[in-house]
Each structure stands twice: as structure tokens, then as C-alpha cells.
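**Student:** What follows is upload.csv, made up of CSV, N, CA and C atoms:
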```csv
chain,number,residue,atom,x,y,z
F,1,MET,N,54.7,107.5,-96.1
F,1,MET,CA,53.9,106.5,-95.5
F,1,MET,C,54.8,105.3,-95.0
F,2,VAL,N,54.4,104.8,-93.8
F,2,VAL,CA,55.1,103.7,-93.2
F,2,VAL,C,54.1,102.6,-92.9
F,3,LYS,N,54.5,101.4,-93.2
F,3,LYS,CA,53.7,100.2,-92.9
F,3,LYS,C,54.5,99.4,-91.8
F,4,ILE,N,53.8,99.0,-90.8
F,4,ILE,CA,54.4,98.2,-89.7
F,4,ILE,C,53.6,96.9,-89.7
F,5,ARG,N,54.3,95.8,-89.9
F,5,ARG,CA,53.7,94.4,-89.8
F,5,ARG,C,54.3,93.8,-88.5
F,6,THR,N,53.4,93.4,-87.7
F,6,THR,CA,53.8,92.8,-86.4
F,6,THR,C,53.6,91.2,-86.4
F,7,ARG,N,54.0,90.6,-85.4
F,7,ARG,CA,53.7,89.1,-85.3
F,7,ARG,C,52.5,88.9,-84.4
F,8,ILE,N,51.8,89.9,-84.1
F,8,ILE,CA,50.6,89.8,-83.3
F,8,ILE,C,49.4,89.4,-84.2
F,9,ASP,N,48.8,88.3,-83.9
F,9,ASP,CA,47.7,87.8,-84.8
F,9,ASP,C,46.4,88.2,-84.2
F,10,THR,N,46.1,89.5,-84.3
F,10,THR,CA,44.8,90.0,-83.8
F,10,THR,C,43.8,90.2,-84.9
F,11,GLY,N,44.2,90.2,-86.1
F,11,GLY,CA,43.3,90.5,-87.2
F,11,GLY,C,43.0,92.0,-87.3
F,12,ARG,N,43.5,92.8,-86.4
F,12,ARG,CA,43.3,94.2,-86.4
F,12,ARG,C,44.3,95.0,-87.2
F,13,LYS,N,43.8,95.9,-88.0
F,13,LYS,CA,44.6,96.7,-88.9
F,13,LYS,C,44.3,98.2,-88.6
F,14,LEU,N,45.3,99.0,-88.3
F,14,LEU,CA,45.1,100.4,-87.9
F,14,LEU,C,45.8,101.3,-88.9
F,15,LEU,N,45.0,102.4,-89.2
F,15,LEU,CA,45.6,103.5,-89.9
F,15,LEU,C,45.7,104.6,-88.9
F,16,VAL,N,47.0,105.2,-88.9
F,16,VAL,CA,47.2,106.4,-88.0
F,16,VAL,C,47.5,107.5,-89.0
F,17,ILE,N,46.6,108.5,-88.9
F,17,ILE,CA,46.8,109.8,-89.7
F,17,ILE,C,47.5,110.7,-88.7
F,18,LYS,N,48.7,111.2,-89.0
F,18,LYS,CA,49.5,111.8,-87.9
F,18,LYS,C,50.4,112.9,-88.4
F,19,ASP,N,50.9,113.6,-87.4
F,19,ASP,CA,52.1,114.5,-87.6
F,19,ASP,C,53.2,113.9,-86.8
F,20,SER,N,54.3,114.6,-86.6
F,20,SER,CA,55.4,114.0,-85.9
F,20,SER,C,55.1,113.8,-84.4
F,21,TYR,N,54.1,114.4,-83.9
F,21,TYR,CA,53.7,114.2,-82.5
F,21,TYR,C,53.4,112.7,-82.2
F,22,ALA,N,53.0,112.0,-83.2
F,22,ALA,CA,52.6,110.6,-83.0
F,22,ALA,C,53.8,109.6,-82.9
F,23,HIS,N,55.0,110.1,-83.2
F,23,HIS,CA,56.2,109.2,-83.2
F,23,HIS,C,56.5,108.6,-81.9
F,24,SER,N,56.2,109.3,-80.8
F,24,SER,CA,56.5,108.7,-79.5
F,24,SER,C,55.3,107.8,-79.0
F,25,PHE,N,54.2,107.9,-79.6
F,25,PHE,CA,53.0,107.1,-79.2
F,25,PHE,C,52.9,105.8,-79.9
F,26,VAL,N,53.3,105.7,-81.2
F,26,VAL,CA,53.1,104.5,-82.0
F,26,VAL,C,53.8,103.3,-81.4
F,27,PRO,N,54.9,103.3,-80.8
F,27,PRO,CA,55.5,102.1,-80.2
F,27,PRO,C,54.5,101.4,-79.2
F,28,PHE,N,53.6,102.2,-78.6
F,28,PHE,CA,52.7,101.6,-77.6
F,28,PHE,C,51.6,100.8,-78.3
F,29,LEU,N,51.4,101.0,-79.6
F,29,LEU,CA,50.4,100.4,-80.4
F,29,LEU,C,50.7,99.0,-81.0
F,30,VAL,N,52.0,98.8,-81.2
F,30,VAL,CA,52.4,97.6,-81.9
F,30,VAL,C,52.1,96.2,-81.3
F,31,ASN,N,51.8,96.2,-80.0
F,31,ASN,CA,51.4,95.0,-79.4
F,31,ASN,C,49.9,94.7,-79.5
F,32,HIS,N,49.2,95.5,-80.2
F,32,HIS,CA,47.8,95.4,-80.2
F,32,HIS,C,47.2,95.3,-81.7
F,33,TYR,N,48.1,95.4,-82.7
F,33,TYR,CA,47.6,95.3,-84.1
F,33,TYR,C,48.5,94.4,-84.9
F,34,ALA,N,47.9,93.7,-85.8
F,34,ALA,CA,48.7,92.9,-86.8
F,34,ALA,C,49.4,93.8,-87.8
F,35,GLU,N,48.8,94.9,-88.1
F,35,GLU,CA,49.4,95.8,-89.1
F,35,GLU,C,49.0,97.3,-88.8
F,36,ILE,N,50.0,98.2,-88.9
F,36,ILE,CA,49.8,99.6,-88.6
F,36,ILE,C,50.3,100.4,-89.8
F,37,HIS,N,49.5,101.3,-90.4
F,37,HIS,CA,50.0,102.1,-91.4
F,37,HIS,C,50.0,103.6,-90.9
F,38,LEU,N,51.1,104.3,-91.1
F,38,LEU,CA,51.2,105.6,-90.7
F,38,LEU,C,51.2,106.6,-91.9
F,39,ILE,N,50.3,107.6,-91.8
F,39,ILE,CA,50.3,108.5,-92.9
F,39,ILE,C,50.4,109.9,-92.4
F,40,ASP,N,51.3,110.7,-92.9
F,40,ASP,CA,51.5,112.1,-92.6
F,40,ASP,C,50.9,112.8,-93.8
F,41,LEU,N,49.8,113.5,-93.6
F,41,LEU,CA,49.1,114.1,-94.7
F,41,LEU,C,49.9,115.2,-95.4
F,42,ARG,N,50.9,115.8,-94.7
F,42,ARG,CA,51.7,116.8,-95.4
F,42,ARG,C,52.5,116.2,-96.5
F,43,PHE,N,52.7,114.8,-96.5
F,43,PHE,CA,53.5,114.2,-97.5
F,43,PHE,C,52.8,113.1,-98.3
F,44,PHE,N,51.5,113.0,-98.1
F,44,PHE,CA,50.6,112.0,-98.8
F,44,PHE,C,49.8,112.7,-99.8
F,45,ASN,N,50.0,112.3,-101.1
F,45,ASN,CA,49.4,113.0,-102.2
F,45,ASN,C,48.4,112.1,-102.9
F,46,ASP,N,48.2,110.8,-102.5
F,46,ASP,CA,47.2,109.9,-103.1
F,46,ASP,C,45.8,110.3,-102.6
F,47,ASN,N,44.9,109.5,-103.1
F,47,ASN,CA,43.5,109.7,-102.6
F,47,ASN,C,43.3,108.9,-101.3
F,48,LEU,N,43.1,109.7,-100.2
F,48,LEU,CA,43.0,109.1,-98.9
F,48,LEU,C,41.8,108.1,-98.8
F,49,LEU,N,40.7,108.5,-99.3
F,49,LEU,CA,39.5,107.6,-99.2
F,49,LEU,C,39.7,106.3,-99.9
F,50,ARG,N,40.3,106.4,-101.1
F,50,ARG,CA,40.6,105.2,-101.8
F,50,ARG,C,41.6,104.3,-101.1
F,51,TYR,N,42.6,104.9,-100.5
F,51,TYR,CA,43.6,104.1,-99.7
F,51,TYR,C,42.9,103.4,-98.5
F,52,VAL,N,42.0,104.1,-97.8
F,52,VAL,CA,41.3,103.5,-96.7
F,52,VAL,C,40.5,102.3,-97.2
F,53,GLU,N,39.7,102.5,-98.3
F,53,GLU,CA,38.9,101.5,-98.8
F,53,GLU,C,39.7,100.2,-99.3
F,54,GLN,N,40.8,100.5,-99.9
F,54,GLN,CA,41.6,99.4,-100.4
F,54,GLN,C,42.3,98.5,-99.4
F,55,ASN,N,42.5,99.1,-98.2
F,55,ASN,CA,43.3,98.4,-97.2
F,55,ASN,C,42.5,97.8,-96.0
F,56,ASN,N,41.2,98.0,-96.0
F,56,ASN,CA,40.3,97.4,-95.1
F,56,ASN,C,40.8,97.5,-93.6
F,57,PHE,N,41.0,98.7,-93.2
F,57,PHE,CA,41.4,99.0,-91.8
F,57,PHE,C,40.2,98.7,-90.9
F,58,THR,N,40.6,98.1,-89.7
F,58,THR,CA,39.5,97.9,-88.7
F,58,THR,C,39.4,99.2,-87.9
F,59,GLU,N,40.4,100.0,-87.8
F,59,GLU,CA,40.3,101.2,-87.0
F,59,GLU,C,41.2,102.3,-87.6
F,60,VAL,N,40.8,103.6,-87.4
F,60,VAL,CA,41.5,104.7,-87.8
F,60,VAL,C,41.7,105.6,-86.6
F,61,LEU,N,43.0,106.1,-86.4
F,61,LEU,CA,43.3,107.0,-85.3
F,61,LEU,C,43.9,108.2,-85.9
F,62,ILE,N,43.4,109.4,-85.6
F,62,ILE,CA,43.9,110.7,-86.0
F,62,ILE,C,44.7,111.2,-84.8
F,63,LEU,N,46.0,111.3,-85.0
F,63,LEU,CA,46.9,111.7,-83.8
F,63,LEU,C,47.8,112.8,-84.2
F,64,TYR,N,47.4,114.0,-83.7
F,64,TYR,CA,48.2,115.3,-84.0
F,64,TYR,C,48.3,116.0,-82.7
F,65,SER,N,49.3,116.9,-82.6
F,65,SER,CA,49.4,117.8,-81.5
F,65,SER,C,48.2,118.8,-81.8
F,66,ALA,N,47.7,119.4,-80.8
F,66,ALA,CA,46.5,120.3,-81.0
F,66,ALA,C,46.9,121.5,-81.8
F,67,LEU,N,48.1,122.1,-81.6
F,67,LEU,CA,48.5,123.3,-82.4
F,67,LEU,C,48.7,122.9,-83.8
F,68,SER,N,49.3,121.8,-84.1
F,68,SER,CA,49.6,121.3,-85.4
F,68,SER,C,48.3,121.1,-86.2
F,69,PHE,N,47.3,120.4,-85.5
F,69,PHE,CA,46.1,120.1,-86.1
F,69,PHE,C,45.3,121.4,-86.5
F,70,ALA,N,45.4,122.4,-85.6
F,70,ALA,CA,44.7,123.7,-85.9
F,70,ALA,C,45.3,124.5,-87.0
F,71,GLU,N,46.6,124.3,-87.2
F,71,GLU,CA,47.3,125.1,-88.2
F,71,GLU,C,47.7,124.4,-89.5
F,72,ASP,N,47.7,123.1,-89.5
F,72,ASP,CA,48.2,122.4,-90.7
F,72,ASP,C,47.2,122.4,-91.8
F,73,ARG,N,47.5,123.0,-92.9
F,73,ARG,CA,46.6,123.1,-94.0
F,73,ARG,C,46.3,121.8,-94.7
F,74,SER,N,47.2,120.8,-94.5
F,74,SER,CA,47.0,119.5,-95.2
F,74,SER,C,45.9,118.7,-94.5
F,75,VAL,N,45.4,119.1,-93.4
F,75,VAL,CA,44.3,118.4,-92.7
F,75,VAL,C,43.0,118.4,-93.6
F,76,VAL,N,42.9,119.4,-94.5
F,76,VAL,CA,41.7,119.4,-95.4
F,76,VAL,C,41.6,118.1,-96.2
F,77,LYS,N,42.7,117.4,-96.3
F,77,LYS,CA,42.6,116.1,-97.0
F,77,LYS,C,41.7,115.1,-96.3
F,78,LEU,N,41.3,115.4,-95.1
F,78,LEU,CA,40.4,114.5,-94.4
F,78,LEU,C,39.0,114.6,-94.8
F,79,ALA,N,38.7,115.7,-95.5
F,79,ALA,CA,37.3,116.0,-96.0
F,79,ALA,C,37.0,114.9,-97.1
F,80,VAL,N,35.8,114.4,-97.1
F,80,VAL,CA,35.4,113.4,-98.1
F,80,VAL,C,35.3,114.1,-99.4
F,81,ASN,N,36.0,113.5,-100.4
F,81,ASN,CA,36.0,114.0,-101.7
F,81,ASN,C,35.7,112.8,-102.7
F,82,GLU,N,34.7,112.9,-103.4
F,82,GLU,CA,34.3,111.8,-104.3
F,82,GLU,C,35.2,111.7,-105.5
F,83,ASN,N,36.1,112.6,-105.8
F,83,ASN,CA,36.9,112.6,-107.0
F,83,ASN,C,38.1,111.7,-106.8
```
Step by step, read the file and then write its structure as C-alpha cells.
**Tutor:**
Amino acid sequence: MVKIRTRIDTGRKLLVIKDSYAHSFVPFLVNHYAEIHLIDLRFFNDNLLRYVEQNNFTEVLILYSALSFAEDRSVVKLAVNEN
């Protein structure tokens, strides 16, 4: 997981759930958000729902290549799980 804090005072906080496809896109986001968190589900083993709730994101972006999204087994972590 990567956290980017910018000097932009928008009050906006973005969570990007991503694969490596997003690396070239994220630099275009930094001028629009005060904080950006990047999570690659292949390497994130915490409770995703709890993480979202604790961090009060104003927006969530799911950014994958189409092939990766279709084949990546870690995408099931996006399913709501009460546990």
C-alpha cells in the first residue's frame, strides 16, 4: 500500500484499488486530491471494508487493465464480507 499526501487543499481523499496498470495514471490524479491511497489487492491482506471505513475516503477508483481484472483472483476481496 502506498499513501500520497499532496499540498492540494481540496479535502478530497481517494482510494485507488489497482494493479500495475494504474502506475502510469496516478500522476494525473495528484493535482486533484489532498491524499491518495493505492492498494494492490494481490498484496493487501487486511480487511478492505474496515480500511475504507477507517480512512473516510471521499472517492474510490478501481483501476485495472481489463485482462488483469478478469483473471486476477484477488479481485474477490472486493466482495462485501462482514467478518
**Student:** In terms of the shortest atom-to-atom distance over all atoms listed in the file, which of F:Val16, F:Ala79, F:Ile8, F:Leu49 is closest to His32 of chain F?
**Tutor:**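 Nearest candidate to His32 of chain F out of F:Val16, F:Ala79, F:Ile8, F:Leu49: F:Ile8.
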**Student:** Using all atoms listed in the file, which protein or nucleic acid residues come within 8 Å of segment 66-77 of chain F? Drop anything in the same chain fewer than 4 positions from it, and give the result as a PyMOL selection string.
**Tutor:** chain F and resi 19+40-43+48-49+81
**Student:** Keeping only N, CA and C atoms, write the selected residues as an mmCIF file, in the frame of the given file.
**Tutor:**
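The new file selection.cif reads:
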```
data_model
loop_
_atom_site.group_PDB
_atom_site.id
_atom_site.type_symbol
_atom_site.label_atom_id
_atom_site.label_comp_id
_atom_site.auth_asym_id
_atom_site.auth_seq_id
_atom_site.Cartn_x
_atom_site.Cartn_y
_atom_site.Cartn_z
ATOM 1 N N ASP F 19 50.900 113.600 -87.400
ATOM 2 C CA ASP F 19 52.100 114.500 -87.600
ATOM 3 C C ASP F 19 53.200 113.900 -86.800
ATOM 4 N N ASP F 40 51.300 110.700 -92.900
ATOM 5 C CA ASP F 40 51.500 112.100 -92.600
ATOM 6 C C ASP F 40 50.900 112.800 -93.800
ATOM 7 N N LEU F 41 49.800 113.500 -93.600
ATOM 8 C CA LEU F 41 49.100 114.100 -94.700
ATOM 9 C C LEU F 41 49.900 115.200 -95.400
ATOM 10 N N ARG F 42 50.900 115.800 -94.700
ATOM 11 C CA ARG F 42 51.700 116.800 -95.400
ATOM 12 C C ARG F 42 52.500 116.200 -96.500
ATOM 13 N N PHE F 43 52.700 114.800 -96.500
ATOM 14 C CA PHE F 43 53.500 114.200 -97.500
ATOM 15 C C PHE F 43 52.800 113.100 -98.300
ATOM 16 N N LEU F 48 43.100 109.700 -100.200
ATOM 17 C CA LEU F 48 43.000 109.100 -98.900
ATOM 18 C C LEU F 48 41.800 108.100 -98.800
ATOM 19 N N LEU F 49 40.700 108.500 -99.300
ATOM 20 C CA LEU F 49 39.500 107.600 -99.200
ATOM 21 C C LEU F 49 39.700 106.300 -99.900
ATOM 22 N N ASN F 81 36.000 113.500 -100.400
ATOM 23 C CA ASN F 81 36.000 114.000 -101.700
ATOM 24 C C ASN F 81 35.700 112.800 -102.700
#
```
**Student:** Pick from F:Ile62, F:Leu78, F:Val52, F:Ile4: nearest to Leu38 of chain F, with all atoms listed in the file counted?
**Tutor:**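 Among the listed residues, F:Ile4 lies closest to Leu38 of chain F.
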**Student:** Just checking: using only C-alpha atoms, which residue out of F:Tyr64, F:Phe57, F:Tyr51, F:Tyr33 ends up closest to Leu15 of chain F?
**Tutor:**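 Answer, going by the shortest atom-to-atom distance: F:Phe57.
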**Student:** Contacts of Thr58 of chain F at 6.5 Å or less, counting all atoms listed in the file, minus same-chain residues fewer than 3 places along, as number ranges by chain?
**Tutor:** F: 12-15
**Student:** Looking only at strand (DSSP E or B) from DSSP on the backbone, list the matching residues of chain F as number ranges by chain.
**Tutor:** F: 2-5, 13-18, 35-40, 59-63
**Student:** So how many Å separate atom N of Leu63 of chain F and atom CA of Gly11 of chain F, to one decimal?
**Tutor:**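 That distance, rounded to one decimal, is 21.1 Å.
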**Student:** Between atom CA of Ser65 of chain F and atom CA of Val30 of chain F, what is the distance, to one decimal in Å?
**Tutor:** 20.4 Å
**Student:** Quick one, how far is atom C of Pro27 of chain F from atom C of Asn55 of chain F?
**Tutor:**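 These atoms are spaced 21.0 Å apart.
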